[in-house]
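Text of the file coords_35.csv, holding CSV, C-alpha atoms:
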```csv
chain,number,residue,atom,x,y,z
A,564,MET,CA,12.1,-5.5,-35.5
A,565,LYS,CA,12.1,-9.2,-36.1
A,566,ARG,CA,9.0,-11.0,-34.8
A,567,ILE,CA,9.5,-13.5,-32.1
A,568,THR,CA,8.8,-17.1,-33.0
A,569,ILE,CA,7.0,-19.8,-31.0
A,570,LYS,CA,10.3,-21.6,-30.6
A,571,GLU,CA,11.9,-18.5,-29.1
A,572,ILE,CA,9.0,-18.1,-26.7
A,573,ALA,CA,9.4,-21.7,-25.7
A,574,ASN,CA,13.2,-21.3,-25.1
A,575,LYS,CA,12.7,-18.2,-23.0
A,576,ALA,CA,10.0,-19.8,-20.9
A,577,GLY,CA,11.9,-23.1,-20.6
A,578,VAL,CA,9.0,-25.2,-21.9
A,579,SER,CA,8.3,-27.2,-25.0
A,580,ILE,CA,6.9,-25.7,-28.3
A,581,GLY,CA,3.8,-27.8,-27.7
A,582,THR,CA,3.2,-26.1,-24.4
A,583,VAL,CA,3.5,-22.7,-26.0
A,584,ASP,CA,1.1,-23.8,-28.7
A,585,ARG,CA,-1.5,-24.9,-26.2
A,586,VAL,CA,-1.3,-21.6,-24.4
A,587,LEU,CA,-1.6,-19.5,-27.5
A,588,HIS,CA,-4.6,-21.5,-28.7
A,589,ASP,CA,-6.2,-21.4,-25.3
A,590,ARG,CA,-6.2,-25.1,-24.8
A,591,PRO,CA,-6.2,-26.7,-21.2
A,592,GLY,CA,-3.5,-28.6,-19.6
A,593,VAL,CA,-1.0,-25.9,-18.7
A,594,ALA,CA,-0.3,-24.8,-15.1
A,595,PRO,CA,-1.5,-21.2,-14.5
A,596,LYS,CA,2.0,-20.0,-13.5
A,597,THR,CA,3.5,-21.4,-16.8
A,598,LYS,CA,0.6,-20.0,-18.8
A,599,ASN,CA,1.2,-16.6,-17.3
A,600,ARG,CA,4.9,-16.7,-18.0
A,601,ILE,CA,4.4,-17.6,-21.7
A,602,LEU,CA,1.8,-14.9,-22.3
A,603,GLU,CA,4.0,-12.3,-20.6
A,604,ILE,CA,6.9,-13.2,-22.9
A,605,ALA,CA,4.7,-13.2,-26.0
A,606,LEU,CA,3.2,-9.8,-24.9
A,607,GLU,CA,6.5,-8.2,-24.2
A,608,ALA,CA,7.8,-9.3,-27.6
A,609,LYS,CA,4.6,-8.1,-29.3
A,610,TYR,CA,3.8,-11.6,-30.6
A,611,LYS,CA,0.4,-11.5,-32.3
A,612,THR,CA,-1.7,-13.9,-34.2
A,613,ASN,CA,-5.5,-13.9,-34.6
A,614,VAL,CA,-5.7,-16.7,-32.0
A,615,PHE,CA,-3.4,-14.9,-29.6
A,616,ALA,CA,-5.4,-11.7,-30.0
A,617,ARG,CA,-8.6,-13.5,-29.2
A,618,THR,CA,-7.0,-15.2,-26.2
A,619,LEU,CA,-6.0,-11.9,-24.8
A,620,LYS,CA,-9.3,-10.2,-25.6
A,621,LEU,CA,-7.6,-7.6,-27.7
A,622,ASN,CA,-11.0,-6.8,-29.3
A,623,LYS,CA,-12.2,-5.4,-26.0
A,624,THR,CA,-11.0,-2.4,-24.0
A,625,LEU,CA,-10.6,-3.2,-20.3
A,626,VAL,CA,-11.2,-0.1,-18.2
A,627,ILE,CA,-9.9,0.0,-14.7
A,628,ALA,CA,-11.1,2.8,-12.4
A,629,ILE,CA,-8.7,4.0,-9.7
A,630,LEU,CA,-10.3,5.6,-6.6
A,631,LEU,CA,-7.3,6.8,-4.6
A,632,PRO,CA,-6.0,9.9,-3.0
A,633,ASN,CA,-3.1,11.7,-4.7
A,634,ASP,CA,-2.1,14.3,-2.2
A,635,ASN,CA,1.4,13.3,-1.0
A,636,GLU,CA,4.5,11.4,-2.2
A,637,TYR,CA,3.3,8.0,-0.9
A,638,TRP,CA,0.1,8.0,-2.9
A,639,GLU,CA,1.8,9.6,-5.9
A,640,THR,CA,4.2,6.6,-5.8
A,641,VAL,CA,1.2,4.1,-5.7
A,642,ASN,CA,-0.4,5.8,-8.7
A,643,LYS,CA,3.0,5.8,-10.5
A,644,GLY,CA,3.2,2.0,-10.0
A,645,ILE,CA,-0.3,1.6,-11.4
A,646,VAL,CA,0.3,3.7,-14.5
A,647,GLN,CA,3.7,2.0,-15.3
A,648,THR,CA,2.2,-1.5,-15.0
A,649,SER,CA,-0.9,-0.7,-17.1
A,650,MET,CA,1.4,0.5,-19.9
A,651,GLN,CA,2.7,-3.1,-20.2
A,652,TYR,CA,-0.8,-4.1,-21.1
A,653,GLU,CA,-1.5,-1.4,-23.7
A,654,ALA,CA,-1.6,-4.0,-26.4
A,655,LEU,CA,-4.5,-5.6,-24.6
A,656,GLY,CA,-6.5,-2.4,-24.7
A,657,MET,CA,-6.3,-1.8,-20.9
A,658,SER,CA,-6.9,1.8,-19.9
A,659,LEU,CA,-7.2,3.7,-16.6
A,660,VAL,CA,-9.7,6.3,-15.3
A,661,PHE,CA,-8.6,8.1,-12.1
A,662,TYR,CA,-10.9,9.4,-9.4
A,663,THR,CA,-9.0,11.3,-6.7
A,664,PHE,CA,-10.2,12.5,-3.3
A,665,ASP,CA,-9.2,14.5,-0.3
A,666,ARG,CA,-8.4,12.3,2.7
A,667,HIS,CA,-9.4,15.0,5.1
A,668,ASP,CA,-13.0,15.1,3.7
A,669,ALA,CA,-15.4,12.1,3.6
A,670,GLY,CA,-17.6,14.2,1.3
A,671,SER,CA,-14.8,14.4,-1.2
A,672,PHE,CA,-14.5,10.6,-1.2
A,673,GLN,CA,-18.3,10.2,-1.6
A,674,LYS,CA,-18.4,12.6,-4.5
A,675,SER,CA,-15.6,10.8,-6.4
A,676,ALA,CA,-17.2,7.5,-5.6
A,677,GLN,CA,-20.6,8.5,-6.9
A,678,GLN,CA,-18.9,9.7,-10.2
A,679,LEU,CA,-17.2,6.3,-10.5
A,680,LEU,CA,-20.4,4.3,-9.8
A,681,ALA,CA,-22.3,6.3,-12.4
A,682,SER,CA,-20.2,4.5,-15.1
A,683,GLU,CA,-19.3,0.9,-15.8
A,684,TYR,CA,-15.8,-0.5,-15.3
A,685,ASP,CA,-14.2,-3.8,-15.7
A,686,GLY,CA,-12.4,-3.4,-12.3
A,687,VAL,CA,-11.8,-0.9,-9.6
A,688,VAL,CA,-8.7,-0.2,-7.4
A,689,LEU,CA,-9.4,1.6,-4.1
A,690,ALA,CA,-8.0,2.2,-0.7
A,691,PRO,CA,-10.5,1.7,2.1
A,692,ILE,CA,-9.1,4.4,4.3
A,693,MET,CA,-12.6,5.6,5.2
A,694,GLU,CA,-14.2,2.3,6.2
A,695,ASN,CA,-17.9,3.2,6.3
A,696,GLU,CA,-17.9,5.2,3.1
A,697,THR,CA,-15.9,2.5,1.3
A,698,LEU,CA,-18.3,-0.2,2.4
A,699,GLU,CA,-21.1,1.6,0.6
A,700,VAL,CA,-19.0,1.7,-2.6
A,701,CYS,CA,-18.1,-2.0,-2.3
A,702,ARG,CA,-21.8,-3.1,-1.9
A,703,ALA,CA,-22.6,-1.2,-5.1
A,704,LEU,CA,-19.7,-2.8,-6.9
A,705,GLU,CA,-20.8,-6.3,-5.7
A,706,LYS,CA,-24.3,-5.7,-7.1
A,707,LYS,CA,-22.7,-4.9,-10.4
A,708,ASN,CA,-20.4,-7.9,-10.2
A,709,THR,CA,-17.5,-5.6,-10.7
A,710,PRO,CA,-14.2,-7.0,-9.2
A,711,PHE,CA,-12.3,-4.6,-7.0
A,712,VAL,CA,-8.9,-4.7,-5.4
A,713,PHE,CA,-7.9,-3.1,-2.1
A,714,ILE,CA,-4.5,-1.6,-1.5
A,715,ASP,CA,-2.9,-0.1,1.6
A,716,SER,CA,-5.7,-1.3,4.0
A,717,ASN,CA,-8.3,-4.0,4.1
A,718,ILE,CA,-11.9,-4.7,4.9
A,719,ASP,CA,-12.6,-8.4,5.6
A,720,SER,CA,-16.4,-8.3,5.3
A,721,VAL,CA,-16.7,-7.7,1.5
A,722,SER,CA,-16.0,-9.9,-1.5
A,723,LYS,CA,-12.9,-8.2,-2.9
A,724,LEU,CA,-10.8,-9.8,-5.7
A,725,SER,CA,-7.6,-9.2,-3.6
A,726,PHE,CA,-6.1,-7.1,-0.8
A,727,ILE,CA,-2.5,-5.9,-1.4
A,728,GLY,CA,-0.8,-4.2,1.6
A,729,GLN,CA,0.7,-4.6,5.0
A,730,ASP,CA,-0.9,-6.0,8.1
A,731,SER,CA,-1.5,-2.6,9.8
A,732,LYS,CA,-1.8,-4.0,13.3
A,733,ARG,CA,1.4,-6.0,12.9
A,734,GLY,CA,3.1,-2.8,11.7
A,735,GLY,CA,2.1,-1.0,14.9
A,736,TYR,CA,3.1,-4.0,16.9
A,737,LEU,CA,6.6,-4.0,15.3
A,738,SER,CA,6.9,-0.2,16.0
A,739,ALA,CA,6.3,-0.8,19.7
A,740,LYS,CA,8.9,-3.5,19.7
A,741,LEU,CA,11.5,-1.2,18.1
A,742,LEU,CA,10.8,1.5,20.6
A,743,ASN,CA,11.1,-0.9,23.5
A,744,LEU,CA,14.4,-2.5,22.5
A,745,GLY,CA,16.6,-2.5,25.6
A,746,PHE,CA,13.7,-1.8,28.0
A,747,PRO,CA,12.5,-5.2,29.2
A,748,SER,CA,9.9,-3.5,31.5
A,749,GLY,CA,8.7,-1.1,28.9
A,750,ILE,CA,9.3,2.5,28.3
A,751,GLN,CA,7.0,5.5,28.0
A,752,SER,CA,6.1,6.2,24.4
A,753,PHE,CA,4.3,9.0,22.7
A,754,ILE,CA,1.9,8.3,19.9
A,755,VAL,CA,1.8,11.4,17.8
A,756,ARG,CA,-1.5,12.0,16.2
A,757,PHE,CA,-2.7,14.6,13.6
A,758,HIS,CA,-6.4,14.5,14.0
A,759,ASP,CA,-6.9,17.2,11.5
A,760,PHE,CA,-5.3,14.9,9.0
A,761,ASP,CA,-5.8,11.2,9.9
A,762,SER,CA,-9.0,11.2,12.0
A,763,LEU,CA,-10.7,9.2,9.2
A,764,ASN,CA,-7.8,6.9,8.4
A,765,LYS,CA,-8.5,3.3,9.1
A,766,THR,CA,-4.9,2.2,8.6
A,767,VAL,CA,-3.6,4.7,11.3
A,768,GLU,CA,-6.1,3.4,13.8
A,769,GLU,CA,-5.1,-0.2,13.2
A,770,ARG,CA,-1.4,0.7,13.6
A,771,ILE,CA,-2.1,2.4,16.9
A,772,GLN,CA,-4.1,-0.6,18.1
A,773,GLY,CA,-1.2,-2.9,17.2
A,774,PHE,CA,1.1,-0.7,19.1
A,775,LYS,CA,-1.1,-1.0,22.2
A,776,ASN,CA,-1.4,-4.7,21.7
A,777,TYR,CA,2.4,-5.1,22.1
A,778,TYR,CA,2.3,-3.4,25.5
A,779,GLN,CA,-0.6,-5.5,26.6
A,780,ASP,CA,1.0,-8.8,25.4
A,781,HIS,CA,4.2,-7.9,27.3
A,782,ASN,CA,2.3,-6.9,30.5
A,783,PHE,CA,3.6,-3.3,30.2
A,784,ASP,CA,1.8,-0.7,32.2
A,785,PRO,CA,-0.7,0.9,29.7
A,786,VAL,CA,-0.1,4.3,31.3
A,787,LEU,CA,3.3,4.2,29.6
A,788,ILE,CA,1.5,5.1,26.3
A,789,GLN,CA,0.4,8.7,25.9
A,790,GLU,CA,-1.4,9.9,22.8
A,791,ILE,CA,-0.6,13.5,21.7
A,792,ASP,CA,-2.6,15.4,19.1
A,793,LEU,CA,-0.3,17.8,17.4
A,794,SER,CA,-3.0,19.3,15.3
A,795,LYS,CA,-3.8,21.3,18.5
A,796,GLY,CA,-0.3,22.7,18.7
A,797,ASP,CA,3.1,21.6,20.1
A,798,THR,CA,3.0,23.3,23.5
A,799,GLN,CA,1.7,20.4,25.6
A,800,PHE,CA,4.0,17.9,24.0
A,801,LEU,CA,7.1,20.0,24.4
A,802,GLU,CA,6.3,20.7,28.0
A,803,ILE,CA,6.0,17.0,28.8
A,804,ILE,CA,9.1,15.9,27.0
A,805,ASN,CA,11.2,18.6,28.5
A,806,LYS,CA,10.4,17.2,31.9
A,807,GLN,CA,11.7,13.8,30.9
A,808,ASP,CA,14.8,12.7,32.9
A,809,HIS,CA,15.1,9.0,32.0
A,810,GLY,CA,16.8,8.8,28.6
A,811,PRO,CA,15.5,9.3,25.1
A,812,VAL,CA,11.9,10.4,24.4
A,813,HIS,CA,10.3,7.6,22.4
A,814,ILE,CA,7.9,8.7,19.6
A,815,PHE,CA,5.6,6.7,17.4
A,816,VAL,CA,4.3,8.4,14.3
A,817,PRO,CA,1.7,6.0,12.7
A,818,ASN,CA,1.7,7.6,9.2
A,819,SER,CA,4.2,9.2,6.8
A,820,ARG,CA,4.6,12.5,8.7
A,821,ALA,CA,7.5,11.6,11.0
A,822,HIS,CA,9.6,14.1,9.1
A,823,GLN,CA,7.4,16.9,10.4
A,824,MET,CA,8.8,16.3,13.9
A,825,LYS,CA,12.0,18.0,12.7
A,826,THR,CA,10.7,21.5,13.2
A,827,ARG,CA,8.8,20.6,16.3
A,828,LEU,CA,11.9,19.2,18.1
A,829,LYS,CA,14.4,21.8,16.9
A,830,ASP,CA,14.6,23.4,20.4
A,831,PHE,CA,14.6,20.1,22.3
A,832,SER,CA,18.0,19.3,23.6
A,833,GLY,CA,17.4,15.7,24.7
A,834,GLU,CA,17.7,12.5,22.8
A,835,THR,CA,14.8,10.9,20.9
A,836,ARG,CA,14.0,7.4,19.5
A,837,MET,CA,11.5,7.6,16.7
A,838,VAL,CA,9.7,5.2,14.4
A,839,GLY,CA,7.5,6.2,11.4
A,840,PHE,CA,6.1,4.9,8.2
A,841,ASP,CA,6.9,5.2,4.4
A,842,LEU,CA,10.3,6.0,2.9
A,843,ILE,CA,9.2,9.2,1.2
A,844,THR,CA,11.9,11.7,0.4
A,845,GLU,CA,11.5,13.8,3.5
A,846,ASN,CA,11.6,10.8,5.8
A,847,HIS,CA,14.6,9.5,3.9
A,848,THR,CA,16.4,12.8,4.7
A,849,CYS,CA,15.5,12.7,8.4
A,850,LEU,CA,16.5,9.0,8.7
A,851,LYS,CA,19.8,9.8,7.1
A,852,SER,CA,20.4,12.7,9.5
A,853,GLY,CA,19.5,10.6,12.6
A,854,LEU,CA,16.3,12.4,13.6
A,855,ILE,CA,14.2,9.3,12.7
A,856,ASP,CA,15.6,6.0,13.9
A,857,PHE,CA,13.3,3.6,12.0
A,858,ILE,CA,11.1,3.8,9.0
A,859,ILE,CA,8.7,0.9,8.1
A,860,ASP,CA,8.2,1.0,4.4
A,861,GLN,CA,5.4,-0.8,2.5
A,862,ASN,CA,6.7,-0.5,-1.1
A,863,PRO,CA,3.9,1.6,-2.6
A,864,THR,CA,5.1,1.1,-6.1
A,865,ARG,CA,4.9,-2.6,-5.8
A,866,GLN,CA,1.4,-2.3,-4.4
A,867,GLY,CA,0.3,-0.4,-7.5
A,868,GLU,CA,1.9,-3.0,-9.8
A,869,LEU,CA,0.3,-5.9,-8.1
A,870,ALA,CA,-3.1,-4.3,-8.2
A,871,ILE,CA,-3.0,-4.0,-12.0
A,872,GLN,CA,-1.5,-7.5,-12.4
A,873,SER,CA,-4.4,-8.9,-10.4
A,874,PHE,CA,-6.8,-7.7,-13.1
A,875,TYR,CA,-4.5,-9.0,-15.8
A,876,SER,CA,-4.7,-12.4,-14.2
A,877,LYS,CA,-8.4,-12.3,-13.6
A,878,LEU,CA,-9.8,-10.5,-16.7
A,879,ILE,CA,-7.3,-11.6,-19.3
A,880,LEU,CA,-5.7,-14.9,-18.3
A,881,ASN,CA,-8.7,-16.0,-16.3
A,882,ILE,CA,-6.5,-17.6,-13.6
A,883,GLU,CA,-6.9,-17.5,-9.9
A,884,VAL,CA,-5.8,-14.4,-8.0
A,885,LYS,CA,-4.5,-14.5,-4.4
A,886,SER,CA,-7.1,-13.0,-2.1
A,887,THR,CA,-4.4,-11.6,0.2
A,888,VAL,CA,-1.0,-10.4,-0.8
A,889,LEU,CA,0.8,-9.1,2.3
A,890,MET,CA,3.7,-6.7,1.8
A,891,SER,CA,6.8,-7.2,4.0
A,892,LEU,CA,7.3,-4.9,7.0
A,893,GLU,CA,10.6,-3.5,5.6
A,894,ILE,CA,12.6,-1.7,8.3
A,895,PHE,CA,15.0,1.0,7.2
A,896,THR,CA,17.6,2.6,9.4
A,897,ARG,CA,20.4,5.1,8.6
A,898,GLU,CA,22.8,2.1,8.2
A,899,ASN,CA,20.9,0.3,5.5
A,900,LEU,CA,19.7,3.3,3.4
A,901,MET,CA,20.6,3.4,-0.3
A,902,GLU,CA,22.2,6.7,-1.2
```

Transcribe the structure of this file into structure tokens.
Amino acid sequence: MKRITIKEIANKAGVSIGTVDRVLHDRPGVAPKTKNRILEIALEAKYKTNVFARTLKLNKTLVIAILLPNDNEYWETVNKGIVQTSMQYEALGMSLVFYTFDRHDAGSFQKSAQQLLASEYDGVVLAPIMENETLEVCRALEKKNTPFVFIDSNIDSVSKLSFIGQDSKRGGYLSAKLLNLGFPSGIQSFIVRFHDFDSLNKTVEERIQGFKNYYQDHNFDPVLIQEIDLSKGDTQFLEIINKQDHGPVHIFVPNSRAHQMKTRLKDFSGETRMVGFDLITENHTCLKSGLIDFIIDQNPTRQGELAIQSFYSKLILNIEVKSTVLMSLEIFTRENLME
């Protein structure tokens, strides 16, 4: 394959040859965004000179540790985005080491975290689902001066390189708004919990708080909100909703398990209005069938991509990284689904 020239890089980037030369020789005077674009083009085309190799630190392997769960489609998609993006930087010697854990078990997280901290890494990607346990890890990383990136949820009190994810409270707030459309005085809503699954999940708790904030801000009676723990069984919930006589039963599922309501509601003859999170395959199917009315998606693939790109910018390009990258609250309904 013909090697790309500096002139061709300049044409693709829409800059002068002199600008490209300054970037490839690591000289100042080029805006970070332009520098990033030029290096991306050169990297994709496998442009290499001794100077370029030195600029991109090709003589050093960058090792990024990934401390994430991998037990459902949502997290599998996050990890997929991380792997795919890291492959773009293989020429730079970037490699990944994965440490997975069970979200049901704080001990599982601590075990994986201890294994991670026993080694040295250039950066760490983690999801602070378990806040207290994650704080201990972050303090250890701060002492080592190891940059780390949060995805999915955030902790404000630590010196992270970046947080990439949604505003969880705003996501819950939006969910309450969707369930209350057409009900100016508020409507009874059921928050469906799975304490055997999400009792340690910081994101879930923040979404529920955001949901309650909506009722408070609109002066709705707080007794309209009822939390149901389905890990204890379905009997109580089914008895309550079968007594409903004022329209659809409104259900908020603050995680990716909204699809699990399909079997629980199979004998319920009334109407429902339901909002959940994450456009995983099973939720997609239930949205298409009409069981779920709204899914708020947080683009897990993109979160993984941006996490790795943060280290590319920090460790290779040495340019500023945004401390917070908020993902859009993307609302999916049956009408705007892609087949």

Subject >> Nearby residues (only C-alpha atoms) at most 7 Å from range 605-609 of chain A, same-chain spacing under 4 positions excluded, as a list of chain:residue names >> reply: A:Ile567, A:Ile572, A:Ile601

**OP:** May I ask for the distance between CA of Thr766 in chain A and CA of Ile894 in chain A, given in Å to one decimal place?
**Re:** 17.9 Å

**OP:** Select, from A:Ala870, A:Asn862, A:Leu842, A:His781, the residue with the minimum atom-to-atom distance to Phe895 in chain A, counting only C-alpha atoms.
**Re:**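 Using only C-alpha atoms, Phe895 in chain A sits closest to A:Leu842.
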
Original post:
What is the CA of Lys775 in chain A-CA of Arg836 in chain A distance in Å, reported with one decimal?
Top reply: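 The value is 17.5 Å.
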
Original post:
Looking at all atoms listed in the file, which of A:Ser722, A:Gln678, A:Thr887, A:Asn818 is the one that sits closest to Gly735 in chain A?
Top reply: A:Asn818

Original post:
What is the distance, in Å and to one decimal place, between CA of Leu724 in chain A and CA of Ile627 in chain A?
Top reply: 13.3 Å

**OP:** Write out as a PyMOL selection string which residues come within 10 Å of Ile882 in chain A when counting all atoms listed in the file, dropping same-chain ones fewer than 4 positions away.
**Re:** chain A and resi 594-596+598-599+873-878

Subject >> Residue among A:Pro632, A:Ala681, A:Ile804, A:Asn695 lying closest to Phe664 in chain A, counting only C-alpha atoms >> reply: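 Between A:Pro632, A:Ala681, A:Ile804, A:Asn695, the residue approaching Phe664 in chain A most closely is A:Pro632.
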